[in-house]
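Novice: After the structure tokens below, expect a handful of questions from me.
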Amino acid sequence: MPKLPRHLLQHRLIWPIVTLVLLLAVNAAFNPGFWQLQWRDGHLYGSVIDILNRAAPLALVALGMTLVIATRGIDISVGAVVAISAAVAALMIGGELVVKEGVQTYVSRFPMGLALGAALLAAALCGLWNGLLVATAGMQPIIATLILMVAGRGVAQLLTGGQIITVYYAPFFFLGNGFLLGLPFAVFIAVAVWAALHLLMTRSALGLFIQTIGINPAAARLAGLRERLITVCVYVFCGLAAGVAGLVVSSNVKSADGNNAGMLMELDAILAVTLGGTALTGGRFSLAGSVLGALIIQTLTSTIYSIGVPPEINMVVKAAVVFVVMLLQSAEFRAAVRGFVLRPARSGAR
Amino acid sequence: MSSGIVLEARGLTRHFTGVLALSGVDLRLHAGEVHALMGQNGAGKSTLIKVLTGVYPPDAGTLQLDGQTISPSSPVAAQRLGISTVYQEVNLCPNLSVAENIFAGRYPRKGASGLWRIDGAAMRSRSRALLARLNLDIDVGRLLSSYSVAVQQMVAIARALSVQAKVLILDEPTSSLDEQEVERLFAVLRQLRAEGMAILFVTHFLEQMYAICDRITVLRNGERVGEYLKADLPAKALITAMVGRELSAAIGRDDRATDVAGPVLLEARGLGRRGQLNPVDVSLRAGEVVGVGGLLGSGRTELARLLFGLDHSDSGELHMSGERVRFDNPAQAIGRGLGMCPEERKHDGIVAELSVRENIALALQARTGIWPNLSYARQKEIAERFVKTLGIKVADIETPIALLSGGNQQKVVLARWLATEPRLLILDEPTRGIDVAAKQEIMNEILKLARGGLAVLFISSEMEEVVRVSDRIVVMRDRSKVGELPGNSSEQAVFHMIASEA
């Protein structure tokens with residue numbers, strides 16, 4: 001094997017990348033058509049495109065989660081926020097196909113822009129609630145957001161009346177099903193949010209501030225950071241990101257299901273952040289890592305389907321893979337393995 | 001056992017990523033002696049201790065305990081061999097009880113009937129007995145965090161004593177203790193010495209070192225300068241050995257008499273907070289160093305916190321340049337040109353995983369806000385300037401601050417504030433736990449800035465330091481201000497005022 005440059009091996013994203021490449025290779029081995037792309041009706045189709053499309057909502061949620069985790073927090077309400085945002089949008093759009101003067105047109109209950117704005121506003125309010133509980137009421141983040149995780153799903157079910165609301169309004173479907181320049185539109189949304197965040201973190205001091213708060217909140221306050229304000233803003237952003245994900249999800253399935261939309265998404269998002277190399281203890285974080293983490297999770301899901309794992313054991317397989325990946329990412333574990341492998345050789349040489 | 005030497009290290013050498021932290025160091029600890037390990041920050045004291053206690057393996061050299069070669073692979077292994085250590089920073093769990101901390105990892109178990117159960121009663125009674133040796137009578141069932149740092153330090157020592165130790169290593173155990181507590185600790189050390197224990201004692205307080213130690217090993221730049229009997233090494237010779245050059249006479253404020261005090265910059269009238277600080281009047285002028293004399297718990301730190309907006313006052317008012325102000329948070333105080341080096345450097349000061357550059361740029365960036373951010377080039381320029389002017393020992397400004405020695409960390413925190421070009425700097429114990437030379441460098445810098453018009457509030461447990469650098473001394477006792485003294489007062493005058501009944 002050719003030797004890779006040392007700095008490349010020490011890059012903090014090397015393990016997520018290796019994991020993703022391995023998963024893709026497994027996919028390709030079991031499914032010869034895995035890398036094939038087809039051009040149909042001006043759209044690209046193929047397994048890889050499908051993975052990108054399905055990973056987009058998770059990547060969005062994971063991006064928001066990354067910042068929250070960087071401040072030493074956690075937000076387990078994002079799944080519920082996804083459901084709320086989806087419910088608000090679906091409820092306000094509703095939509096029906098009517099024939100006006102012999103022409104079929106879709107009519108929404110409220111203008112779509114207003115509906116989307118209201119959905120995002122609701123999501124941002126959810127984030128604000130979390131942020132205030134954490135930063136001003138001083139609750140433990142996991143408990144503070146647990147409240148909304150439970151209550152939020154209730155709110156979503158209340159909005160949808162316990163039913164699945166189906167949307168009949170074609171323009172709304174574009175978010176989750178549309179294509180731009182041959183690629184799924186949801187991918188553009190995720191990339192845009194990532195790029196905007198990346199610029200914000202590198203071109204402003206926000207990245208430094210968030211890390212400082214995560215590493216040492218007391219020192220941050222003493223150095224003059226408005227640590228509470230920043231923390232609240234981070235939770236608001238996390239809510240917003242989940243809200244956008246909720247729009248994409250509901251658009252994709254053309255309905256809103258208060259009961260199941262975004263179910264357990266908070267756990268996948270936390271997993272994506274962790275897979276991407278951001279420690280749950282806060283501080284240093286990697287946005288690109290979290291996106292990679294989301295891709296890893298989605299690729300793993302499609303791998304499980306493509307190699308034909310029976311549905312009843314696919315959770316076990318997923319857990320096993322995650323377990324191995326997390327072990328590989330642990331520096332302590334790698335050092336232990338290295339010691340175990342190298343020790344006999346060394347003592348033999350002496 | 002040969003000639004009473006319990007622990008003998010020969011030629012210990014240890015590298016860290018190319019830097020030679022220890023180079024062929026010898027150390028001999030005798031039974032029934034207190035041995036001082038002296039040296040500046042970065043001289044290799046901490047590394048030596050970590051090698052002795054198995055935290056790091058040495059690259060070269062040998063360790064012998066009672067004539068047997070040992071190579072402890074971890075602090076636990078070292079402890080089993082009989083080498084117990086109390087570290088500089090309290091290394092205990094604040095969320096466990098005192099008794100649990102003392103016995104953490106080796107809880108007494110109940111006998112045959114319940115092999116797995118922890119014997120809580122035995123743990124508590126043994127903890128009480130251990131602490132009684134230190135003359136400390138506290139509720140061992142309460143959480144460690146409910147006690148002061150000084151008590152926590154005593155608990156750490158009790159923990160070290162709870163195993164049958166032949167060698168006790170104390171890495172700056174007194175840096176957070178007040179005089180009485182130090183005396184209490186020394187009484188314990190004398191008793192242990194009489195019992196034949198070998199004690200290695202690291203401190204920056206020369207007086208304390210001379211009060212308790214029998215023998216001194218001096219390190220400089222990772223090498224052993226020599227081993228001396230206490231009587232053979234007076235303070236001046238010791239400092240010369242540590243620094244490697246003659247120190248200029250302790251600097252003081254020779255310009256004090258001629259100083260024309262500037263206009264009043266910050267004035268507190270009846271500023272107080274129930275349960276923390278009784279109302280005090282304090283004024284600070286531009287170009288003036290105001291020292292705060294008082295013992296631990298006298299309300300010094302509370303005063304600093306109120307002035308800086310870290311705590312909210314519930315009485316009195318604050319005026320800045322004649323205008324009434326109110327600081328609800330440090331950000332507002334910083335906006336007005338205040339800065340503060342906190343007492344607890346590790347807890348409130350450094351941002352451990354961030355680089356020296358980021359740590360220095362932090363306060364200035366915080367005052368600027370999120371936008372515009374200081375460019376990398378500007379941050380680098382600022383950081384390099386302060387690394388140079390304050391003599392911060394670091395090869396690369398991208399090094400995480402946690403890897404620096406205590407004195408250098410303190411300089412970085414100071415640089416963080418100087419970068420904001422403050423009008424008033426509050427220094428709470430800026431020289432705690434750092435070596436003589438770094439202390440002088442920091443004090444020099446502060447005095448230089450004061451001459452340039454900076455107002456300084458200087459808080460220190462070392463009265464000698466307060467007296468030396470202050471233009472005026474605010475004397476505090478029992479959360480109240482008891483009076484003010486002019487800067488050229490003697491230490492005795494300050495202590496007299498503290499001791500006198502109001």
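How things are named: the first chain in the structure tokens is A, the next is B, and so on; residues count from 1 in each chain; ligands count from 1 in the order shown.
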Could you list, as number ranges by chain, every residue within 7 Å of Arg477 of chain B, counting only C-alpha atoms and ignoring same-chain residues fewer than 3 positions away?
Specialist: B: 294, 298, 480-482, 498
Novice: Report as a list in words the set of chain B residues whose atoms approach chain A to within 7 Å, with distances computed over only C-alpha atoms.
Specialist: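 Residues passing the distance filter: Pro330, Ala331, Ile334, His347, Asp348, Gly349, Ile350, Val351, Leu362, Ala363, Ala366, Arg367, Ile370, Trp371, Pro372 and Asn373 of chain B.
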Novice: Just the number, please: distance in Å from atom CA of Pro141 of chain A to atom CA of Asp75 of chain A, one decimal.
Specialist: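 Between these atoms lies a distance of 6.8 Å.
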Novice: So that I can see what lies close to Val191 of chain A, please list as number ranges by chain the residues with an atom at most 10 Å from it, counting only C-alpha atoms and leaving out residues fewer than 3 positions away in the same chain.
Specialist: A: 56, 59-60, 185-188, 194-197, 291
Novice: Pick out the residues sitting within 8 Å of Leu63 of chain B, and hand them over as a PyMOL selection string; count only C-alpha atoms, and ignore anything fewer than 5 positions along from it in its own chain.
Specialist: chain B and resi 7-10+52+69-71
Novice: Compare A:Ala336, A:Leu133, A:Ala86, A:Leu67 by their minimum atom-to-atom distance to Val155 of chain A, counting only C-alpha atoms, and give me the closest one.
Specialist: A:Ala86
Novice: I'd like the neighbourhood of Thr217 of chain B as number ranges by chain, where a residue qualifies if any of its atoms comes within 12 Å (using only C-alpha atoms), though same-chain residues fewer than 5 positions away should be ignored.
Specialist: B: 25-29, 34-39, 43-45, 48, 200-202, 209, 223-230, 232-233, 238, 241-242
Novice: Could you please write out, as a PyMOL selection string, every residue of segment 276-373 of chain B that DSSP assigns to strand (DSSP E)?
Specialist: chain B and resi 277-285+289-293+315-320+323-325+338-341
Novice: Residues near Ser315 of chain B, anyone? I mean within 7 Å using only C-alpha atoms, not counting same-chain ones fewer than 6 positions away, as a PyMOL selection string.
Specialist: chain B and resi 270-273+279
Novice: How would the residues just picked look written out with N, CA and C atoms as a CSV table (one decimal), in the first residue's frame?
Specialist:
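What landed in again-v1.csv:
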```csv
chain,number,residue,atom,x,y,z
B,270,GLY,N,-20.5,52.7,48.4
B,270,GLY,CA,-21.4,51.8,49.2
B,270,GLY,C,-21.8,50.6,48.4
B,271,LEU,N,-20.9,50.1,47.5
B,271,LEU,CA,-21.1,49.0,46.7
B,271,LEU,C,-21.1,47.7,47.6
B,272,GLY,N,-22.2,46.9,47.5
B,272,GLY,CA,-22.2,45.7,48.3
B,272,GLY,C,-23.2,44.7,47.7
B,273,ARG,N,-23.1,43.5,48.3
B,273,ARG,CA,-24.0,42.4,47.9
B,273,ARG,C,-24.2,41.6,49.1
B,279,PRO,N,-21.2,46.9,52.2
B,279,PRO,CA,-21.0,48.1,51.3
B,279,PRO,C,-19.6,48.7,51.5
```
Novice: Using only C-alpha atoms, determine which residues lie at most 9 Å from Val167 of chain B, disregarding the query and same-chain residues fewer than 3 positions distant; provide the list as an NGL selection string.
Specialist: :B and (6-7 or 29 or 31 or 82-85 or 197-200)
Novice: Just write the chosen residues, C-alpha atoms, as a CSV table (one decimal), in the first residue's frame.
Specialist:
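Written file, result-v7.csv:
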```
chain,number,residue,atom,x,y,z
B,6,VAL,CA,14.2,6.0,50.0
B,7,LEU,CA,13.7,7.1,46.5
B,29,LEU,CA,14.8,11.6,48.8
B,31,ALA,CA,13.6,9.1,54.9
B,82,GLY,CA,4.2,3.7,48.1
B,83,ILE,CA,4.6,6.9,46.2
B,84,SER,CA,1.6,9.2,46.8
B,85,THR,CA,1.0,12.5,45.2
B,197,MET,CA,8.3,9.6,55.5
B,198,ALA,CA,10.2,11.1,52.6
B,199,ILE,CA,8.4,14.2,51.4
B,200,LEU,CA,9.0,16.0,48.2
```
Novice: Quote the spacing between atom CA of Gly293 of chain B and atom CA of Val467 of chain B in Å to one decimal place.
Specialist: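 Separating atom CA of Gly293 of chain B from atom CA of Val467 of chain B is a distance of 8.4 Å.
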Novice: With DSSP run on the backbone, what are the alpha helix (DSSP H) residues within segment 213-318 of chain A? I'd like them as a PyMOL selection string.
Specialist: chain A and resi 213-215+217-222+227-253+265-275+287-306+314-318
